[in-house]
Structures are given as structure tokens and as C-alpha cells.
Amino acid sequence: MKRLLIVTTLLLATMAAVFGPDLYRDMTMSLKVVVSEGPAVEIDTTEAVPDADELKKIEKLLKAAGLNKIPLLGDTGITAHLQRLKEKKTDILELQQYATDLQFLKQYTSARRAFIPSTFWDVRTPEMEEHNWTEYSFVHQLTLEKWKPYLQFLTQAYSRFLKFKHLEKEEKDTALDAALDMFAMAEDYFNAVPFSFLTEHAKEIKGETEAVLMIWQSVIVGSSRINPITGKPLFSHSIYSRTNVDTMYQYAQAQAMSTGKVWGVSGFAPQFVGIPHNDNQIEHMSISMVVQLVLHEPLVILDGIEEEKILSGKSQKEESQADMALNKAIHMEFLPYFAKNRSGAVENLRRVLKKQR
């Protein structure tokens with residue numbers, strides 16, 4: 001199996017070499033979002049370690065803000081915050097501000113019927129640390145007026161997702177409709193802020209069409225795929241990879257779940273699913289869009305990857321055929337029209353993906 005993968009990878013690389021350097025460049029590209037550095041924060045290390053009463057007051061504030069005492073899904077947790085305080089890696093003022101900011105986010109999202117759990121925000125990822133961001137500074141920026149469009153975008157998207165989850169059992173809404181409806185929200189967010197101030201950007205993203213697609217993909221799943229040639233992610237949203245409705249819902253349920261489990265495949269016609277096990281079609285659709293429209297991967301390469309999965313036993317034939325059908329639908333019914341009429345292209349794709357043979 002390993003030998004087959006090597007042969008397949010070499011075959012793809014050979015195809016790229018034959019078809020030209022531009023194709024090879026596109027095939028080996030790893031789009032990396034560039035983010036601004038987090039704000040400099042001065043911690044007061046001159047004060048004495050807080051006594052038991054002060055620690056209890058801070059603990060009470062953080063608990064009221066909605067944090068877990070012990071981490072559940074990779075969140076920091078109250079115990080760790082207090083330990084940082086004892087070790088002078090943070091101070092009382094920063095934690096008090098953090099609790100205030102979390103209360104603001106609770107009230108803001110609750111008032112819009114899209115309560116995002118405080119535990120969702122209480123995370124510090126390696127990507128955040130790499131860019132000097134902490135959960136404290138990230139949460140605080142969301143309370144600032146200039147970040148209001150982004151917070152509004154996240155809340156609107158999560159509200160639409162929760163509506164879908166509420167109605168899906170009665171078959172009154174679908175995952176496909178919810179995901180595609182979020183394109184309009186991404187469009188509104190893009191139009192609300194200057195291009196230079198978007199939450200993410202990269203030199204490979206050319207203009208508003210690609211930017212809107214990347215913004216949309218980040219809010220529905222934020223995930224990527226590994227390039228079989230380079231072994232690197234095809235693209236990354238950096239510190240914004242986790243600010244999506246998929247992850248929010250997992251924190252709301254206090255349960256780790258796969259993207260397929262969170263979203264499901266309701267709304268897709270059977271030929272785009274294949275078998276029940278193939279439950280990640282929302283994620284697959286979003287990644288295929290980015291790969292084809294932003295990274296300019298040819299359909300033949302995507303089909304080749306699916307054929308390799310069948311040959312190597314990584315996926316069943318019906319699963320890969322459904323994935324190829326989805327890739328082709330995006331290529332034929334979405335890609336040619338998205339730049340000229342984004343809303344029209346979305347509606348066209350919605351119609352095609354719902355239509356049974």
C-alpha cells in the first residue's frame with residue numbers, strides 16, 4: 001500500500017511536470033494565511049502572589065463568565081488560569097478584563113439567539129502562541145468596535161447553524177442549505193470592512209471573489225487537507241481555523257465530534273454521498289471549492305487522488321465516486337460562474353446538488 005502511494009504521488013508529480021511548471025506550482029502550493037501579531041501585554045510581576053481570598057474572587061468571576069474549572073475540550077480552564085496567576089504569567093487585571101469580555105460575548109451572542117459558549121473562546125492554540133496571541137487578547141479584540149463586523153458575522157453564521165440543527169430532525173432544513181446560506185453572510189462581512197482589515201489574507205488570494213470563498217470556508221469548517229506531494233496542508237486559516245460553527249457546536253454539546261457528525265449530509269442528492277459512511281460532504285464541498293477556485297487544481301488531479309484512494313483501499317468505490325461527482329459539480333456548475341455572479345453561482349450549485357438522477 002505504501003509503495004502504491006509513492007507510485008501514485010510520483011505519477012501526479014510527473015503529470016504536473018508534463019503539463020507545465022504552472023500546474024506543478026499550483027499542485028505544490030500551500031496557501032498560508034498571514035495574520036497580524038497579537039498586542040504587546042505587560043504583566044505586573046511586582047505584586048505578591050494573590051492570597052486565598054483574592055484567588056477565590058477571581059475564580060468566582062471566571063466561573064460566572066462560563067468557564068470550566070477543569071478543561072474538557074482543550075480549553076484552558078479556571079484551574080490553569082489561577083495557576084498562571086500564581087506563576088505571574090498573568091495578573092489580576094488581565095483576568096478581570098477577561099471575565100468582563102467573556103460576559104460581553106455571552107450577552108451579545110445570547111441576545112441574537114446564537115449563544116456561543118465561553119468555553120469555546122477559552123483556548124490558546126500553538127498558532128496563536130506563534131503570533132503572540134492569547135485567549136485574553138483574542139477575546140478582548142472581539143469586544144472592540146472595529147471588530148464588530150467579524151463578531152456579527154460569527155454570530156449570524158452560528159445562528160443559522162443552530163436553526164438547521166433545530167429543524168433537521170423534522171426534515172424542515174438541511175445541512176446543505178445552512179452551509180450555502182452562509183455565503184451571503186460572508187459577503188456582507190467582506191463588504192463591511194476594508195480588504196486590508198479582513199481577518200485573514202494571503203498573497204495567493206486574488207481579489208474579492210477568492211477572499212469571500214476563504215471567509216466562508218473558514219466559518220463553516222475551517223479545515224484543510226494534506227497535499228500528497230508536499231505533505232503540507234493545502235491551505236490554512238491560521239489562528240482563525242477554529243472560529244467556525246462546527247467547533248462552536250462541539251463546545252455547546254461539551255462533546256468532541258467529527259465534522260461529519262456535526263453537519264451530516266442532509267440536502268445532498270444520493271449520488272453526491274454514495275454510502276452512509278461518507279458523512280463529511282459539507283467539509284469536502286468547501287475544500288474542493290477552495291482547491292479548485294483559489295489553488296487552481298485541475299479536476300483530473302482531484303479525480304486521480306480519489307482513484308488512488310480506491311486502489312489503496314483507503315475508501316470504498318462508492319465513496320470516492322460520490323466525491324468525484326461532487327468535485328465535478330463544483331467544477332461545472334459553480335467554478336465558471338462564481339466570479340461573475342456569486343449569489344447566482346451558489347444558487348445554481350444548490351439546485352444541482354439537491355437534484356437526484
# chains A, B, ... in the order shown; residues from 1 in each chain; ligands from 1

call {"tool": "residues_around", "arguments": {"residues": "stretch 198-209 of chain A", "least_positions_apart": "6", "cutoff": "12 Å", "atoms": "only C-alpha atoms", "output": "PyMOL selection string"}}
result
chain A and resi 25-26+29-37+138+141-142+146-151+153-154+183+186-192+215-219+235-241+243+289-291+293-296+335+337-343+345

call {"tool": "closest_atom_pairs", "arguments": {"of": "stretch 88-109 of chain A", "to": "stretch 51-62 of chain A", "cutoff": "9 Å", "atoms": "only C-alpha atoms", "output": "Markdown table"}}
result
| residue | atom | partner | partner_atom | distance |
| --- | --- | --- | --- | --- |
| A:Ile92 | CA | A:Ile58 | CA | 7.6 |
| A:Leu95 | CA | A:Ile58 | CA | 7.3 |
| A:Gln96 | CA | A:Ile58 | CA | 7.1 |
| A:Tyr98 | CA | A:Leu62 | CA | 8.2 |
| A:Ala99 | CA | A:Leu62 | CA | 5.5 |
| A:Thr100 | CA | A:Leu61 | CA | 8.5 |
| A:Leu102 | CA | A:Leu62 | CA | 8.7 |

call {"tool": "write_last_selection", "arguments": {"atoms": "N, CA and C atoms", "output": "JSON list (two decimals), in the first residue's frame"}}
result
[["chain", "number", "residue", "atom", "x", "y", "z"],
["A", 92, "ILE", "N", -3.96, 39.94, 37.95],
["A", 92, "ILE", "CA", -5.36, 40.07, 38.32],
["A", 92, "ILE", "C", -6.12, 40.94, 37.33],
["A", 95, "LEU", "N", -7.02, 39.05, 34.12],
["A", 95, "LEU", "CA", -8.07, 38.06, 34.33],
["A", 95, "LEU", "C", -9.42, 38.73, 34.58],
["A", 96, "GLN", "N", -9.41, 39.85, 35.28],
["A", 96, "GLN", "CA", -10.66, 40.58, 35.49],
["A", 96, "GLN", "C", -11.21, 41.08, 34.16],
["A", 98, "TYR", "N", -10.62, 39.79, 31.26],
["A", 98, "TYR", "CA", -11.02, 38.59, 30.52],
["A", 98, "TYR", "C", -12.43, 38.17, 30.92],
["A", 99, "ALA", "N", -12.71, 38.17, 32.20],
["A", 99, "ALA", "CA", -14.05, 37.80, 32.68],
["A", 99, "ALA", "C", -15.09, 38.80, 32.18],
["A", 100, "THR", "N", -14.74, 40.08, 32.18],
["A", 100, "THR", "CA", -15.65, 41.12, 31.67],
["A", 100, "THR", "C", -15.92, 40.93, 30.18],
["A", 102, "LEU", "N", -15.67, 38.15, 28.42],
["A", 102, "LEU", "CA", -16.46, 36.94, 28.20],
["A", 102, "LEU", "C", -17.95, 37.20, 28.50]]

call {"tool": "closest_residue", "arguments": {"among": "A:Lys106, A:Ala175, A:Gly260, A:Ala48", "to": "A:Ala65", "atoms": "only C-alpha atoms"}}
result
A:Lys106

call {"tool": "residues_around", "arguments": {"residues": "stretch 73-89 of chain A", "least_positions_apart": "2", "cutoff": "6 Å", "atoms": "only C-alpha atoms", "output": "number ranges by chain"}}
result
A: 45, 49, 68-71, 91, 122-123

call {"tool": "residues_around", "arguments": {"residues": "A:Ala179", "least_positions_apart": "2", "cutoff": "10 Å", "atoms": "only C-alpha atoms", "output": "PyMOL selection string"}}
result
chain A and resi 157+160-161+164+174-177+181-183+216-217+219-221+245+263+282-283+285-286

call {"tool": "write_last_selection", "arguments": {"atoms": "N, CA and C atoms", "output": "PDB file, in the first residue's frame"}}
result
ATOM      1  N   ALA A 157     -23.682  33.418  11.503  1.00  0.00           N
ATOM      2  CA  ALA A 157     -23.443  32.083  10.963  1.00  0.00           C
ATOM      3  C   ALA A 157     -23.862  31.010  11.963  1.00  0.00           C
ATOM      4  N   ARG A 160     -27.617  30.686  12.139  1.00  0.00           N
ATOM      5  CA  ARG A 160     -28.149  29.908  11.014  1.00  0.00           C
ATOM      6  C   ARG A 160     -27.896  28.421  11.233  1.00  0.00           C
ATOM      7  N   PHE A 161     -26.742  28.090  11.767  1.00  0.00           N
ATOM      8  CA  PHE A 161     -26.423  26.688  12.027  1.00  0.00           C
ATOM      9  C   PHE A 161     -27.367  26.106  13.081  1.00  0.00           C
ATOM     10  N   PHE A 164     -30.717  25.267  11.713  1.00  0.00           N
ATOM     11  CA  PHE A 164     -30.656  23.993  10.997  1.00  0.00           C
ATOM     12  C   PHE A 164     -30.708  22.808  11.960  1.00  0.00           C
ATOM     13  N   THR A 174     -31.856  21.652   5.929  1.00  0.00           N
ATOM     14  CA  THR A 174     -30.776  20.723   5.579  1.00  0.00           C
ATOM     15  C   THR A 174     -29.412  21.344   5.829  1.00  0.00           C
ATOM     16  N   ALA A 175     -28.427  20.477   5.970  1.00  0.00           N
ATOM     17  CA  ALA A 175     -27.047  20.926   6.137  1.00  0.00           C
ATOM     18  C   ALA A 175     -26.582  21.705   4.916  1.00  0.00           C
ATOM     19  N   LEU A 176     -26.936  21.223   3.742  1.00  0.00           N
ATOM     20  CA  LEU A 176     -26.525  21.892   2.506  1.00  0.00           C
ATOM     21  C   LEU A 176     -27.077  23.313   2.447  1.00  0.00           C
ATOM     22  N   ASP A 177     -28.356  23.487   2.781  1.00  0.00           N
ATOM     23  CA  ASP A 177     -28.949  24.820   2.757  1.00  0.00           C
ATOM     24  C   ASP A 177     -28.290  25.738   3.779  1.00  0.00           C
ATOM     25  N   ASP A 181     -26.248  29.018   2.690  1.00  0.00           N
ATOM     26  CA  ASP A 181     -26.819  30.297   3.125  1.00  0.00           C
ATOM     27  C   ASP A 181     -25.764  31.195   3.767  1.00  0.00           C
ATOM     28  N   MET A 182     -24.728  30.593   4.322  1.00  0.00           N
ATOM     29  CA  MET A 182     -23.689  31.378   4.986  1.00  0.00           C
ATOM     30  C   MET A 182     -22.829  32.159   3.999  1.00  0.00           C
ATOM     31  N   PHE A 183     -22.948  31.856   2.708  1.00  0.00           N
ATOM     32  CA  PHE A 183     -22.229  32.646   1.709  1.00  0.00           C
ATOM     33  C   PHE A 183     -22.675  34.108   1.761  1.00  0.00           C
ATOM     34  N   TRP A 216     -15.886  32.288   3.874  1.00  0.00           N
ATOM     35  CA  TRP A 216     -16.990  31.331   4.030  1.00  0.00           C
ATOM     36  C   TRP A 216     -16.470  29.976   4.490  1.00  0.00           C
ATOM     37  N   GLN A 217     -15.405  29.485   3.861  1.00  0.00           N
ATOM     38  CA  GLN A 217     -14.886  28.167   4.227  1.00  0.00           C
ATOM     39  C   GLN A 217     -14.405  28.144   5.670  1.00  0.00           C
ATOM     40  N   VAL A 219     -15.641  29.752   8.205  1.00  0.00           N
ATOM     41  CA  VAL A 219     -16.698  29.792   9.213  1.00  0.00           C
ATOM     42  C   VAL A 219     -17.535  28.523   9.237  1.00  0.00           C
ATOM     43  N   ILE A 220     -17.555  27.732   8.160  1.00  0.00           N
ATOM     44  CA  ILE A 220     -18.359  26.516   8.218  1.00  0.00           C
ATOM     45  C   ILE A 220     -17.572  25.329   8.775  1.00  0.00           C
ATOM     46  N   VAL A 221     -16.290  25.216   8.424  1.00  0.00           N
ATOM     47  CA  VAL A 221     -15.485  24.118   8.982  1.00  0.00           C
ATOM     48  C   VAL A 221     -14.055  24.534   9.317  1.00  0.00           C
ATOM     49  N   VAL A 245     -18.524  27.347  13.017  1.00  0.00           N
ATOM     50  CA  VAL A 245     -19.738  26.862  13.677  1.00  0.00           C
ATOM     51  C   VAL A 245     -19.618  25.406  14.092  1.00  0.00           C
ATOM     52  N   TRP A 263     -22.265  18.043  11.056  1.00  0.00           N
ATOM     53  CA  TRP A 263     -23.026  18.561   9.921  1.00  0.00           C
ATOM     54  C   TRP A 263     -23.972  17.521   9.297  1.00  0.00           C
ATOM     55  N   ILE A 282     -20.129  18.241   3.517  1.00  0.00           N
ATOM     56  CA  ILE A 282     -20.062  19.689   3.698  1.00  0.00           C
ATOM     57  C   ILE A 282     -18.596  20.122   3.704  1.00  0.00           C
ATOM     58  N   GLU A 283     -17.780  19.411   4.464  1.00  0.00           N
ATOM     59  CA  GLU A 283     -16.353  19.711   4.510  1.00  0.00           C
ATOM     60  C   GLU A 283     -15.714  19.492   3.151  1.00  0.00           C
ATOM     61  N   MET A 285     -17.057  19.542   0.179  1.00  0.00           N
ATOM     62  CA  MET A 285     -17.504  20.573  -0.754  1.00  0.00           C
ATOM     63  C   MET A 285     -16.706  21.860  -0.571  1.00  0.00           C
ATOM     64  N   SER A 286     -16.546  22.287   0.676  1.00  0.00           N
ATOM     65  CA  SER A 286     -15.855  23.553   0.935  1.00  0.00           C
ATOM     66  C   SER A 286     -14.387  23.482   0.543  1.00  0.00           C
TER      67      SER A 286
END

call {"tool": "atom_distance", "arguments": {"atom1": "atom CA of A:Leu213", "atom2": "atom CA of A:Met185"}}
result
11.2 Å

call {"tool": "closest_residue", "arguments": {"among": "A:Gly222, A:Pro39, A:Pro50, A:Pro117", "to": "A:Tyr136", "atoms": "only C-alpha atoms"}}
result
A:Pro39
